[in-house]
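Below is work.txt, holding compact mmCIF, C-alpha atoms (C1' of nucleotides).
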# COMPACT_ATOMS: atom_id res chain seq x y z
CA MET Z 1 -29.53 -45.24 14.97
CA GLU Z 2 -30.73 -44.07 11.56
CA ALA Z 3 -32.34 -41.13 13.25
CA THR Z 4 -29.12 -40.27 15.02
CA ILE Z 5 -27.13 -40.35 11.82
CA LYS Z 6 -29.70 -38.41 9.92
CA GLU Z 7 -30.05 -35.79 12.60
CA ASN Z 8 -26.45 -35.47 13.56
CA VAL Z 9 -24.46 -36.08 10.46
CA PHE Z 10 -26.61 -34.79 7.69
CA LYS Z 11 -27.76 -31.63 9.30
CA THR Z 12 -24.11 -30.61 9.30
CA ILE Z 13 -24.36 -29.61 5.69
CA GLY Z 14 -28.10 -29.41 5.28
CA GLU Z 15 -28.33 -31.98 2.52
CA HIS Z 16 -30.98 -34.65 2.49
CA LEU Z 17 -30.42 -38.24 1.64
CA SER Z 18 -33.02 -40.79 0.77
CA ASP Z 19 -33.95 -43.29 3.50
CA GLU Z 20 -32.06 -45.91 1.56
CA GLU Z 21 -28.87 -43.84 1.42
CA CYS Z 22 -29.29 -42.96 5.01
CA GLU Z 23 -29.56 -46.59 5.91
CA ALA Z 24 -26.41 -47.42 3.97
CA PHE Z 25 -24.73 -44.65 5.86
CA SER Z 26 -25.89 -45.74 9.26
CA GLU Z 27 -24.80 -49.34 8.97
CA LEU Z 28 -21.15 -48.55 8.61
CA PRO Z 29 -19.88 -46.56 11.53
CA PHE Z 30 -19.70 -47.91 15.02
CA GLN Z 31 -20.44 -45.88 18.09
CA LYS Z 32 -17.78 -45.51 20.71
CA SER Z 33 -17.22 -43.74 24.03
CA TYR Z 34 -13.93 -42.26 25.09
CA ALA Z 35 -13.00 -40.93 28.50
CA ARG Z 36 -11.61 -37.45 28.91
CA LYS Z 37 -7.93 -37.07 27.94
CA THR Z 38 -7.86 -40.19 25.82
CA ILE Z 39 -5.57 -40.17 22.82
CA ILE Z 40 -7.59 -41.59 19.96
CA ALA Z 41 -5.10 -41.03 17.14
CA ASP Z 42 -1.38 -41.07 17.52
CA GLU Z 43 1.32 -39.35 15.53
CA GLY Z 44 3.49 -41.86 13.74
CA LYS Z 45 0.69 -44.41 13.43
CA VAL Z 46 -1.72 -44.52 10.54
CA CYS Z 47 -4.96 -42.72 11.38
CA LYS Z 48 -7.54 -45.30 10.35
CA TYR Z 49 -10.73 -43.50 11.27
CA VAL Z 50 -12.78 -40.40 10.81
CA TYR Z 51 -14.64 -39.40 13.95
CA PHE Z 52 -17.96 -37.63 14.09
CA ILE Z 53 -18.57 -36.30 17.58
CA THR Z 54 -22.08 -36.68 18.96
CA LYS Z 55 -21.17 -35.64 22.51
CA GLY Z 56 -18.12 -34.04 24.10
CA ALA Z 57 -15.11 -32.25 22.71
CA ALA Z 58 -11.76 -33.20 21.22
CA TYR Z 59 -8.83 -31.57 19.47
CA SER Z 60 -6.01 -32.39 17.12
CA TYR Z 61 -2.44 -31.19 17.45
CA TYR Z 62 1.09 -31.98 16.58
CA ILE Z 63 4.31 -31.82 18.52
CA ASN Z 64 7.29 -30.17 16.89
CA GLU Z 65 10.99 -30.89 17.37
CA ASP Z 66 11.12 -28.64 20.43
CA GLY Z 67 8.35 -30.64 22.08
CA ASP Z 68 5.77 -27.85 21.77
CA LYS Z 69 2.16 -28.80 21.29
CA ASN Z 70 0.51 -27.11 18.30
CA VAL Z 71 -3.25 -27.22 18.13
CA ILE Z 72 -4.72 -27.69 14.67
CA GLN Z 73 -8.43 -27.96 15.30
CA PHE Z 74 -11.06 -28.15 18.00
CA ALA Z 75 -14.18 -30.25 17.51
CA ILE Z 76 -17.39 -30.54 19.52
CA GLU Z 77 -20.80 -32.15 18.91
CA GLY Z 78 -21.66 -32.04 15.23
CA HIS Z 79 -18.05 -31.74 14.09
CA TRP Z 80 -15.82 -34.17 12.25
CA ILE Z 81 -12.23 -34.77 13.24
CA THR Z 82 -9.39 -36.83 11.79
CA ASP Z 83 -5.84 -36.65 10.52
CA GLN Z 84 -6.90 -36.02 6.92
CA TYR Z 85 -3.49 -36.58 5.48
CA SER Z 86 -2.90 -39.91 7.19
CA PHE Z 87 -6.49 -41.10 6.84
CA PHE Z 88 -6.65 -40.60 3.10
CA SER Z 89 -3.08 -41.44 2.16
CA GLY Z 90 -2.73 -44.41 4.50
CA LYS Z 91 0.68 -43.05 5.50
CA LYS Z 92 1.78 -42.56 9.07
CA GLY Z 93 0.05 -39.75 10.88
CA ILE Z 94 1.41 -36.33 11.67
CA PHE Z 95 -1.21 -35.29 14.21
CA MET Z 96 -2.49 -36.51 17.56
CA ILE Z 97 -6.18 -36.47 18.37
CA GLU Z 98 -7.18 -36.30 22.01
CA THR Z 99 -10.47 -35.91 23.85
CA LEU Z 100 -11.00 -32.88 26.06
CA GLU Z 101 -14.13 -34.26 27.68
CA ASP Z 102 -15.84 -37.62 27.88
CA CYS Z 103 -16.99 -38.23 24.33
CA GLU Z 104 -19.44 -40.18 22.23
CA MET Z 105 -18.35 -40.61 18.66
CA LEU Z 106 -19.41 -42.24 15.43
CA VAL Z 107 -16.34 -43.92 14.05
CA PHE Z 108 -15.94 -44.44 10.29
CA SER Z 109 -13.14 -46.58 8.91
CA LYS Z 110 -11.52 -45.70 5.60
CA GLU Z 111 -13.12 -48.75 4.03
CA SER Z 112 -16.55 -47.66 5.21
CA ILE Z 113 -16.10 -44.14 3.84
CA ASP Z 114 -14.76 -45.57 0.58
CA ASN Z 115 -17.64 -48.03 0.35
CA LEU Z 116 -20.17 -45.35 1.16
CA CYS Z 117 -18.74 -43.05 -1.48
CA ARG Z 118 -18.40 -45.78 -4.07
CA GLY Z 119 -21.91 -47.02 -3.40
CA SER Z 120 -23.66 -43.68 -3.53
CA HIS Z 121 -22.93 -40.73 -5.72
CA ARG Z 122 -24.88 -38.47 -3.37
CA ILE Z 123 -22.83 -39.53 -0.38
CA GLU Z 124 -19.67 -38.85 -2.35
CA HIS Z 125 -21.14 -35.46 -3.12
CA PHE Z 126 -21.87 -34.93 0.56
CA PHE Z 127 -18.25 -35.51 1.43
CA ARG Z 128 -16.97 -33.34 -1.39
CA ILE Z 129 -19.02 -30.42 -0.14
CA LEU Z 130 -17.95 -31.11 3.43
CA VAL Z 131 -14.27 -30.97 2.55
CA GLN Z 132 -14.75 -27.98 0.30
CA ASN Z 133 -16.29 -25.95 3.08
CA ALA Z 134 -13.56 -27.01 5.46
CA PHE Z 135 -10.97 -25.97 2.90
CA ALA Z 136 -12.48 -22.51 2.42
CA ALA Z 137 -12.65 -21.98 6.18
CA LEU Z 138 -9.05 -23.07 6.61
CA GLN Z 139 -7.90 -20.76 3.85
CA TYR Z 140 -9.64 -17.90 5.57
CA ARG Z 141 -8.00 -18.81 8.86
CA LEU Z 142 -4.57 -18.88 7.26
CA THR Z 143 -5.02 -15.39 5.83
CA LYS Z 144 -5.84 -14.11 9.29
CA THR Z 145 -2.87 -15.90 10.83
CA ASN Z 146 -0.60 -14.36 8.22
CA SER Z 147 -1.84 -10.81 8.48
CA GLU Z 148 -3.46 -10.02 11.82
CA THR Z 149 -2.10 -9.53 15.32
CA ALA Z 150 -2.66 -12.18 17.96
CA GLU Z 151 -5.11 -9.84 19.69
CA SER Z 152 -7.38 -9.53 16.69
CA ARG Z 153 -7.16 -13.27 16.03
CA TYR Z 154 -8.25 -13.91 19.59
CA LEU Z 155 -11.17 -11.49 19.27
CA GLU Z 156 -12.27 -13.17 16.06
CA PHE Z 157 -11.96 -16.59 17.65
CA ALA Z 158 -14.06 -15.46 20.61
CA GLU Z 159 -16.70 -14.06 18.29
CA LEU Z 160 -16.74 -17.07 15.99
CA TYR Z 161 -16.71 -19.72 18.71
CA PRO Z 162 -18.05 -18.12 21.90
CA HIS Z 163 -19.06 -21.55 23.27
CA PHE Z 164 -15.46 -22.76 22.97
CA LEU Z 165 -14.15 -20.15 25.40
CA ASN Z 166 -15.62 -21.82 28.47
CA ARG Z 167 -15.02 -25.36 27.39
CA ILE Z 168 -11.46 -25.28 26.19
CA PRO Z 169 -8.45 -24.52 28.38
CA GLN Z 170 -6.77 -21.25 27.58
CA TYR Z 171 -3.36 -22.69 26.88
CA LEU Z 172 -4.87 -24.75 24.07
CA ILE Z 173 -6.63 -21.72 22.63
CA ALA Z 174 -3.29 -19.91 22.76
CA SER Z 175 -1.68 -22.75 20.85
CA TYR Z 176 -4.48 -22.72 18.27
CA LEU Z 177 -3.84 -19.00 17.78
CA GLY Z 178 -0.12 -19.63 17.38
CA ILE Z 179 0.98 -17.86 20.58
CA ARG Z 180 2.12 -18.77 24.10
CA PRO Z 181 -0.28 -19.04 27.05
CA GLN Z 182 1.47 -16.12 28.76
CA SER Z 183 0.88 -13.96 25.70
CA LEU Z 184 -2.80 -14.82 25.60
CA SER Z 185 -3.04 -14.00 29.27
CA ARG Z 186 -1.40 -10.63 28.61
CA ILE Z 187 -3.70 -9.95 25.67
CA ARG Z 188 -6.78 -10.79 27.74
CA LYS Z 189 -5.59 -8.50 30.48
CA GLU Z 190 -5.03 -5.61 28.06
CA LEU Z 191 -8.45 -6.18 26.52
CA SER Z 192 -10.13 -6.15 29.95
CA GLU Z 193 -8.38 -2.87 30.80
CA LYS Z 194 -9.76 -1.15 27.71
CA MET H 1 -8.62 -30.89 -26.71
CA GLU H 2 -9.46 -34.23 -25.12
CA ALA H 3 -5.81 -35.09 -25.07
CA THR H 4 -4.96 -31.81 -23.40
CA ILE H 5 -7.55 -32.30 -20.74
CA LYS H 6 -6.60 -35.89 -20.15
CA GLU H 7 -2.91 -35.11 -19.98
CA ASN H 8 -3.09 -31.92 -18.06
CA VAL H 9 -6.00 -32.22 -15.76
CA PHE H 10 -6.14 -35.87 -14.91
CA LYS H 11 -2.51 -36.45 -14.38
CA THR H 12 -2.78 -33.99 -11.51
CA ILE H 13 -4.20 -36.69 -9.30
CA GLY H 14 -3.25 -39.77 -11.25
CA GLU H 15 -6.76 -41.06 -11.72
CA HIS H 16 -7.99 -42.35 -15.02
CA LEU H 17 -11.31 -41.63 -16.51
CA SER H 18 -13.00 -43.50 -19.31
CA ASP H 19 -12.91 -41.87 -22.73
CA GLU H 20 -16.57 -41.09 -22.32
CA GLU H 21 -16.04 -39.31 -19.02
CA CYS H 22 -13.06 -37.56 -20.42
CA GLU H 23 -15.11 -36.32 -23.31
CA ALA H 24 -17.80 -35.02 -20.98
CA PHE H 25 -15.07 -33.25 -19.10
CA SER H 26 -13.44 -31.71 -22.13
CA GLU H 27 -16.58 -30.20 -23.61
CA LEU H 28 -17.24 -27.94 -20.71
CA PRO H 29 -14.33 -25.63 -20.07
CA PHE H 30 -13.23 -22.97 -22.49
CA GLN H 31 -9.64 -22.10 -23.12
CA LYS H 32 -8.51 -18.57 -22.50
CA SER H 33 -5.35 -16.49 -22.62
CA TYR H 34 -4.54 -13.74 -20.18
CA ALA H 35 -1.75 -11.21 -20.40
CA ARG H 36 0.67 -10.75 -17.54
CA LYS H 37 -0.69 -8.73 -14.60
CA THR H 38 -4.31 -9.28 -15.52
CA ILE H 39 -6.77 -9.49 -12.68
CA ILE H 40 -8.99 -12.44 -13.44
CA ALA H 41 -11.02 -12.52 -10.22
CA ASP H 42 -11.88 -9.53 -8.16
CA GLU H 43 -12.59 -9.20 -4.47
CA GLY H 44 -16.15 -8.12 -3.87
CA LYS H 45 -17.42 -9.75 -7.05
CA VAL H 46 -18.59 -13.34 -7.23
CA CYS H 47 -15.83 -15.63 -8.46
CA LYS H 48 -17.62 -17.56 -11.19
CA TYR H 49 -14.83 -19.77 -12.44
CA VAL H 50 -12.23 -22.33 -11.51
CA TYR H 51 -9.04 -21.97 -13.51
CA PHE H 52 -6.72 -24.74 -14.50
CA ILE H 53 -3.41 -23.32 -15.69
CA THR H 54 -1.86 -24.95 -18.72
CA LYS H 55 0.82 -22.30 -19.19
CA GLY H 56 2.11 -19.41 -17.10
CA ALA H 57 1.73 -18.48 -13.45
CA ALA H 58 -0.84 -16.73 -11.29
CA TYR H 59 -1.54 -16.05 -7.64
CA SER H 60 -4.39 -15.26 -5.31
CA TYR H 61 -4.32 -12.70 -2.52
CA TYR H 62 -6.45 -10.47 -0.45
CA ILE H 63 -6.05 -6.92 0.69
CA ASN H 64 -6.68 -6.16 4.34
CA GLU H 65 -8.00 -2.96 5.93
CA ASP H 66 -4.50 -1.47 5.98
CA GLY H 67 -4.16 -1.99 2.25
CA ASP H 68 -1.57 -4.75 2.56
CA LYS H 69 -1.51 -7.48 -0.04
CA ASN H 70 -1.64 -10.98 1.45
CA VAL H 71 -0.74 -13.83 -0.84
CA ILE H 72 -2.79 -16.99 -0.40
CA GLN H 73 -1.55 -19.26 -3.14
CA PHE H 74 0.72 -19.46 -6.16
CA ALA H 75 -0.25 -21.56 -9.16
CA ILE H 76 1.68 -22.60 -12.25
CA GLU H 77 1.10 -25.11 -15.06
CA GLY H 78 -0.83 -28.10 -13.77
CA HIS H 79 -2.35 -26.22 -10.83
CA TRP H 80 -5.90 -25.15 -10.13
CA ILE H 81 -6.76 -21.74 -8.77
CA THR H 82 -9.97 -20.07 -7.66
CA ASP H 83 -11.62 -18.27 -4.77
CA GLN H 84 -13.05 -21.50 -3.31
CA TYR H 85 -15.33 -19.75 -0.90
CA SER H 86 -16.90 -17.44 -3.44
CA PHE H 87 -16.97 -20.00 -6.22
CA PHE H 88 -18.84 -22.61 -4.23
CA SER H 89 -21.05 -20.38 -2.13
CA GLY H 90 -21.91 -17.93 -4.88
CA LYS H 91 -21.28 -15.11 -2.42
CA LYS H 92 -19.04 -12.15 -3.13
CA GLY H 93 -15.36 -12.95 -3.26
CA ILE H 94 -12.74 -12.29 -0.66
CA PHE H 95 -9.67 -12.85 -2.83
CA MET H 96 -8.16 -11.40 -5.98
CA ILE H 97 -6.58 -13.63 -8.59
CA GLU H 98 -3.94 -12.11 -10.84
CA THR H 99 -1.59 -13.46 -13.48
CA LEU H 100 2.15 -13.19 -12.94
CA GLU H 101 3.02 -14.15 -16.50
CA ASP H 102 1.14 -14.48 -19.77
CA CYS H 103 -1.16 -17.43 -19.14
CA GLU H 104 -3.18 -20.10 -20.88
CA MET H 105 -6.00 -21.43 -18.79
CA LEU H 106 -8.88 -23.87 -18.93
CA VAL H 107 -11.83 -22.07 -17.45
CA PHE H 108 -14.64 -24.01 -15.74
CA SER H 109 -17.86 -22.31 -14.72
CA LYS H 110 -19.69 -23.39 -11.61
CA GLU H 111 -22.47 -24.84 -13.75
CA SER H 112 -19.99 -26.89 -15.72
CA ILE H 113 -18.36 -28.26 -12.57
CA ASP H 114 -21.78 -28.98 -11.08
CA ASN H 115 -22.94 -30.66 -14.28
CA LEU H 116 -19.76 -32.68 -14.54
CA CYS H 117 -20.10 -33.83 -10.96
CA ARG H 118 -23.79 -34.55 -11.24
CA GLY H 119 -23.31 -36.42 -14.48
CA SER H 120 -20.43 -38.60 -13.41
CA HIS H 121 -19.80 -40.17 -10.06
CA ARG H 122 -16.14 -40.66 -10.94
CA ILE H 123 -15.65 -37.01 -11.77
CA GLU H 124 -17.27 -36.08 -8.47
CA HIS H 125 -14.81 -38.48 -6.87
CA PHE H 126 -11.95 -36.82 -8.74
CA PHE H 127 -12.88 -33.45 -7.29
CA ARG H 128 -13.36 -34.82 -3.81
CA ILE H 129 -9.85 -36.25 -3.83
CA LEU H 130 -8.49 -33.04 -5.32
CA VAL H 131 -9.96 -30.90 -2.55
CA GLN H 132 -9.01 -33.41 0.10
CA ASN H 133 -5.36 -33.27 -0.89
CA ALA H 134 -5.45 -29.50 -1.02
CA PHE H 135 -6.99 -29.45 2.45
CA ALA H 136 -4.31 -31.70 3.93
CA ALA H 137 -1.55 -29.59 2.36
CA LEU H 138 -3.11 -26.39 3.67
CA GLN H 139 -3.45 -27.83 7.16
CA TYR H 140 0.22 -28.72 7.08
CA ARG H 141 1.11 -25.20 5.95
CA LEU H 142 -0.92 -23.66 8.75
CA THR H 143 0.89 -25.71 11.37
CA LYS H 144 4.20 -24.45 10.04
CA THR H 145 2.99 -20.87 10.00
CA ASN H 146 1.87 -21.22 13.59
CA SER H 147 4.98 -22.82 14.96
CA GLU H 148 8.09 -22.09 12.90
CA THR H 149 10.21 -19.00 12.40
CA ALA H 150 10.07 -17.08 9.13
CA GLU H 151 13.53 -18.38 8.29
CA SER H 152 12.55 -22.03 8.50
CA ARG H 153 9.34 -21.36 6.59
CA TYR H 154 11.38 -19.76 3.84
CA LEU H 155 13.78 -22.70 3.73
CA GLU H 156 10.90 -25.13 3.50
CA PHE H 157 9.27 -23.08 0.78
CA ALA H 158 12.52 -23.04 -1.18
CA GLU H 159 12.88 -26.78 -0.82
CA LEU H 160 9.26 -27.54 -1.67
CA TYR H 161 8.99 -25.17 -4.62
CA PRO H 162 12.50 -24.51 -5.93
CA HIS H 163 11.12 -23.57 -9.36
CA PHE H 164 9.02 -20.82 -7.79
CA LEU H 165 12.04 -18.94 -6.47
CA ASN H 166 13.10 -17.67 -9.88
CA ARG H 167 9.66 -17.07 -11.26
CA ILE H 168 7.98 -15.22 -8.44
CA PRO H 169 9.01 -11.79 -7.15
CA GLN H 170 10.46 -11.83 -3.69
CA TYR H 171 7.96 -9.42 -2.17
CA LEU H 172 5.17 -11.84 -3.07
CA ILE H 173 7.04 -14.77 -1.55
CA ALA H 174 7.48 -12.66 1.58
CA SER H 175 3.75 -12.02 1.67
CA TYR H 176 3.02 -15.73 1.20
CA LEU H 177 5.26 -16.45 4.16
CA GLY H 178 3.49 -13.82 6.24
CA ILE H 179 6.43 -11.41 6.53
CA ARG H 180 7.61 -8.11 4.99
CA PRO H 181 9.89 -7.91 1.98
CA GLN H 182 12.60 -6.27 4.10
CA SER H 183 12.45 -9.16 6.55
CA LEU H 184 12.82 -11.72 3.78
CA SER H 185 15.74 -9.76 2.42
CA ARG H 186 17.36 -9.80 5.86
CA ILE H 187 16.71 -13.52 6.27
CA ARG H 188 18.24 -14.28 2.88
CA LYS H 189 21.27 -12.22 3.76
CA GLU H 190 21.76 -14.05 7.06
CA LEU H 191 21.38 -17.40 5.31
CA SER H 192 23.98 -16.47 2.70
CA GLU H 193 26.41 -15.45 5.44
CA LYS H 194 26.17 -18.84 7.11
C1' DC V 1 17.23 5.14 -26.35
C1' DG V 2 16.20 7.56 -21.93
C1' DA V 3 12.62 8.09 -18.36
C1' DT V 4 10.06 6.02 -15.06
C1' DT V 5 8.50 2.78 -12.15
C1' DA V 6 8.97 -1.57 -9.70
C1' DC V 7 11.80 -4.28 -6.95
C1' DG V 8 15.51 -5.45 -3.74
C1' DT V 9 18.77 -4.09 -0.09
C1' DT V 10 20.35 -1.93 3.98
C1' DC V 11 20.01 0.46 8.29
C1' DA V 12 18.27 2.53 12.72
C1' DC V 13 14.76 2.18 15.58
C1' DA V 14 10.03 0.31 17.40
C1' DT V 15 7.16 -3.32 19.08
C1' DA V 16 4.64 -7.76 19.44
C1' DG V 17 5.27 -11.72 21.22
C1' DG V 18 8.69 -15.21 23.33
C1' DT V 19 11.27 -16.69 27.55
C1' DT V 20 12.05 -17.62 32.22
C1' DA V 21 10.57 -17.80 36.63
C1' DA V 22 7.48 -17.42 40.44
C1' DG V 23 3.25 -17.55 42.70
C1' DA V 24 -1.98 -17.83 42.72
C1' DA V 25 -6.06 -20.17 41.52
C1' DA V 26 -8.55 -23.98 39.97
C1' DT V 27 -9.19 -28.80 39.46
C1' DG V 28 -8.82 -33.55 40.49
C1' DA V 29 -7.38 -37.67 43.35
C1' DC V 30 -7.76 -39.91 47.51
C1' DG X 1 -11.48 -32.32 53.60
C1' DT X 2 -6.17 -32.30 52.18
C1' DC X 3 -2.66 -32.70 48.94
C1' DA X 4 -0.96 -32.79 44.28
C1' DT X 5 -1.32 -31.40 39.80
C1' DT X 6 -2.76 -28.59 36.24
C1' DT X 7 -3.86 -24.15 34.57
C1' DC X 8 -3.61 -19.12 34.74
C1' DT X 9 -1.39 -14.74 35.81
C1' DT X 10 2.23 -11.44 36.34
C1' DA X 11 6.64 -9.35 35.60
C1' DA X 12 11.35 -8.37 33.82
C1' DC X 13 13.92 -9.05 30.14
C1' DC X 14 14.98 -10.74 25.19
C1' DT X 15 14.54 -11.42 20.12
C1' DA X 16 12.34 -11.77 15.67
C1' DT X 17 10.01 -9.21 12.80
C1' DG X 18 7.83 -4.68 11.62
C1' DT X 19 8.49 0.30 10.22
C1' DG X 20 10.16 4.07 7.68
C1' DA X 21 13.43 5.93 4.90
C1' DA X 22 17.25 6.05 1.69
C1' DC X 23 19.51 4.20 -2.15
C1' DG X 24 20.78 1.17 -6.13
C1' DT X 25 19.52 -1.64 -9.81
C1' DA X 26 16.56 -3.99 -12.99
C1' DA X 27 12.55 -4.08 -15.67
C1' DT X 28 9.16 -1.73 -18.43
C1' DC X 29 7.39 1.44 -21.54
C1' DG X 30 7.19 5.42 -24.24
Could you rewrite the structure in this file as structure tokens?
Amino acid sequence: MEATIKENVFKTIGEHLSDEECEAFSELPFQKSYARKTIIADEGKVCKYVYFITKGAAYSYYINEDGDKNVIQFAIEGHWITDQYSFFSGKKGIFMIETLEDCEMLVFSKESIDNLCRGSHRIEHFFRILVQNAFAALQYRLTKTNSETAESRYLEFAELYPHFLNRIPQYLIASYLGIRPQSLSRIRKELSEK
Amino acid sequence: MEATIKENVFKTIGEHLSDEECEAFSELPFQKSYARKTIIADEGKVCKYVYFITKGAAYSYYINEDGDKNVIQFAIEGHWITDQYSFFSGKKGIFMIETLEDCEMLVFSKESIDNLCRGSHRIEHFFRILVQNAFAALQYRLTKTNSETAESRYLEFAELYPHFLNRIPQYLIASYLGIRPQSLSRIRKELSEK
DNA sequence: CGATTACGTTCACATAGGTTAAGAAATGAC
DNA sequence: GTCATTTCTTAACCTATGTGAACGTAATCG
């Protein structure tokens, strides 16, 4: 288990923890399997866990007043996923999290993250850097959303996450890009005609 | 100075530091004034500082290939502003930061943030929480950008930041919302006719 | 103070992407 | 394998926002 944590979790930011810290880390999460299309966090309920995916794929989304699904984030092996807002505030969630494939996850409760961070400065540091990088990436994504056409956002997505294209249904990619499935289909057609 | 830091900086997340920690914190930044319309961080150069605004207003933006300005963030008294990506990675910046009004700022270098965090677990914790909250807010903003009309985004902006409406030129608000100044003008006209 | 520039408004027209609807293709259940 | 369901594609039409240009007013600066 320690090896799994060390390999999977810590390589995600390339920091090294001592064996002791690593052990503290590895005692806290529990491992869990979820079947494909399982909802693991539900809008309106408090999101009590952070999930680190060791196998499979999942995504988070929210549903607006019109009933449209809006994809926030995709996550595959080596990625973290949660409803940040709900998880950290303890207030009711705004996002759903659902598996796309059968998944293996490491599940961390808020208490375990808090204990880990309280108990080890370096683990707290690890999480700070993790969130910081996520923030910078999200800021970049927002600028693109605000200033580029759907076509160029799709091209950038395809370049950035080529392995997602085969694994994730197109209508979810469309939603992630902020457009309708029909529009993505049209864009793909135009691109293939060029 | 300690009082200023304690009052200004720490009230922003409602955590309390010991006097000792507070003192460590207050020794590191320097205070600086900037005139209106001063560019304090420049795209293409490394962004070496995090700014905490104690007076005035500023904003960050980037300029795309077509030469359009794209506003990322507004910041007034009590807010932090920086080019996160550049600041933390040490790579060349992607955003500009410019003052909107004459400003007073507390300026933190990367070394000072790193030293503060290394030297005090609680300060590291402070910054983790700070970034976490910013991340959750940004994620929420992105979902709105992806799924709502410009009109409803404007209404939400006006409700969330009523004090910004008077202080910030409309063409910058338009850019923040991802639309053109003419479109915002049209939207405002339609709203006033309702 | 007047000159100049920056900002906001309006309008006519263009276009990206949304909508609705239908059918084709792929996937999954039995 | 067959049937049902989910996903993808296409097309005709619609709407929100972009574009370019003109004009008025407010802010800024000499």
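In this structure, CA of Phe95 (chain H) sits 18.6 Å away from CA of Arg141 (chain H).
Of the listed residues H:Tyr34, H:Tyr161, H:Lys194, H:Gln182, the one whose atoms come nearest to chain V is H:Gln182, with distances taken using all atoms listed in the file.
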Against chain H, which residues of chain X fall within 9 Å? For each one I want the closest pair of atoms and the distance in Å (one decimal), counting only C-alpha atoms (C1' of nucleotides), rows by chain and increasing residue number, as CSV.
residue,atom,partner,partner_atom,distance
X:DA16,C1',H:Thr149,CA,8.2
X:DT17,C1',H:Ser183,CA,6.7
X:DG18,C1',H:Arg180,CA,7.5
- request: Hey, list the chain V side of the contact with chain Z: 9 Å cut-off, all atoms listed in the file, answer as a ChimeraX atom specification.
  value: /V:16-18
Only C-alpha atoms (C1' of nucleotides), please: the residues just picked out, written as a PDB file, keeping the file's coordinate frame.
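File out25.pdb, as written:
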ATOM      1  C1'  DA V  16       4.640  -7.760  19.440  1.00  0.00           C
ATOM      2  C1'  DG V  17       5.270 -11.720  21.220  1.00  0.00           C
ATOM      3  C1'  DG V  18       8.690 -15.210  23.330  1.00  0.00           C
TER       4       DG V  18
END
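Minimum distance to chain H across Z:Val131, Z:Met96, Z:Cys47, Z:Ala24 (counting only C-alpha atoms) occurs at Z:Val131.
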Counting only C-alpha atoms (C1' of nucleotides), what is within 7 Å of Leu177 (chain Z), bar same-chain residues fewer than 2 positions away, as a PDB file with C-alpha atoms, in the coordinates of the input?
ATOM      1  CA  ALA Z 150      -2.660 -12.180  17.960  1.00  0.00           C
ATOM      2  CA  ARG Z 153      -7.160 -13.270  16.030  1.00  0.00           C
ATOM      3  CA  TYR Z 154      -8.250 -13.910  19.590  1.00  0.00           C
ATOM      4  CA  ILE Z 173      -6.630 -21.720  22.630  1.00  0.00           C
ATOM      5  CA  ALA Z 174      -3.290 -19.910  22.760  1.00  0.00           C
ATOM      6  CA  SER Z 175      -1.680 -22.750  20.850  1.00  0.00           C
ATOM      7  CA  ILE Z 179       0.980 -17.860  20.580  1.00  0.00           C
TER       8      ILE Z 179
END
- prompt: Which residues of chain Z are close to chain H, meaning at most 10 Å apart when you count all atoms listed in the file, and how do they look as a ChimeraX atom specification?
  reply: /Z:61-64,68-73,83-86,88-89,94-95,117-122,124-148,175-179
Writer output for current selection, C-alpha atoms, as a short mmCIF file (atom, residue, chain, number, x, y, z; two decimals), keeping the file's coordinate frame:
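Below is the file out39.cif, written as the result:
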data_model
loop_
_atom_site.label_atom_id
_atom_site.label_comp_id
_atom_site.auth_asym_id
_atom_site.auth_seq_id
_atom_site.Cartn_x
_atom_site.Cartn_y
_atom_site.Cartn_z
CA TYR Z 61 -2.44 -31.19 17.45
CA TYR Z 62 1.09 -31.98 16.58
CA ILE Z 63 4.31 -31.82 18.52
CA ASN Z 64 7.29 -30.17 16.89
CA ASP Z 68 5.77 -27.85 21.77
CA LYS Z 69 2.16 -28.80 21.29
CA ASN Z 70 0.51 -27.11 18.30
CA VAL Z 71 -3.25 -27.22 18.13
CA ILE Z 72 -4.72 -27.69 14.67
CA GLN Z 73 -8.43 -27.96 15.30
CA ASP Z 83 -5.84 -36.65 10.52
CA GLN Z 84 -6.90 -36.02 6.92
CA TYR Z 85 -3.49 -36.58 5.48
CA SER Z 86 -2.90 -39.91 7.19
CA PHE Z 88 -6.65 -40.60 3.10
CA SER Z 89 -3.08 -41.44 2.16
CA ILE Z 94 1.41 -36.33 11.67
CA PHE Z 95 -1.21 -35.29 14.21
CA CYS Z 117 -18.74 -43.05 -1.48
CA ARG Z 118 -18.40 -45.78 -4.07
CA GLY Z 119 -21.91 -47.02 -3.40
CA SER Z 120 -23.66 -43.68 -3.53
CA HIS Z 121 -22.93 -40.73 -5.72
CA ARG Z 122 -24.88 -38.47 -3.37
CA GLU Z 124 -19.67 -38.85 -2.35
CA HIS Z 125 -21.14 -35.46 -3.12
CA PHE Z 126 -21.87 -34.93 0.56
CA PHE Z 127 -18.25 -35.51 1.43
CA ARG Z 128 -16.97 -33.34 -1.39
CA ILE Z 129 -19.02 -30.42 -0.14
CA LEU Z 130 -17.95 -31.11 3.43
CA VAL Z 131 -14.27 -30.97 2.55
CA GLN Z 132 -14.75 -27.98 0.30
CA ASN Z 133 -16.29 -25.95 3.08
CA ALA Z 134 -13.56 -27.01 5.46
CA PHE Z 135 -10.97 -25.97 2.90
CA ALA Z 136 -12.48 -22.51 2.42
CA ALA Z 137 -12.65 -21.98 6.18
CA LEU Z 138 -9.05 -23.07 6.61
CA GLN Z 139 -7.90 -20.76 3.85
CA TYR Z 140 -9.64 -17.90 5.57
CA ARG Z 141 -8.00 -18.81 8.86
CA LEU Z 142 -4.57 -18.88 7.26
CA THR Z 143 -5.02 -15.39 5.83
CA LYS Z 144 -5.84 -14.11 9.29
CA THR Z 145 -2.87 -15.90 10.83
CA ASN Z 146 -0.60 -14.36 8.22
CA SER Z 147 -1.84 -10.81 8.48
CA GLU Z 148 -3.46 -10.02 11.82
CA SER Z 175 -1.68 -22.75 20.85
CA TYR Z 176 -4.48 -22.72 18.27
CA LEU Z 177 -3.84 -19.00 17.78
CA GLY Z 178 -0.12 -19.63 17.38
CA ILE Z 179 0.98 -17.86 20.58
#
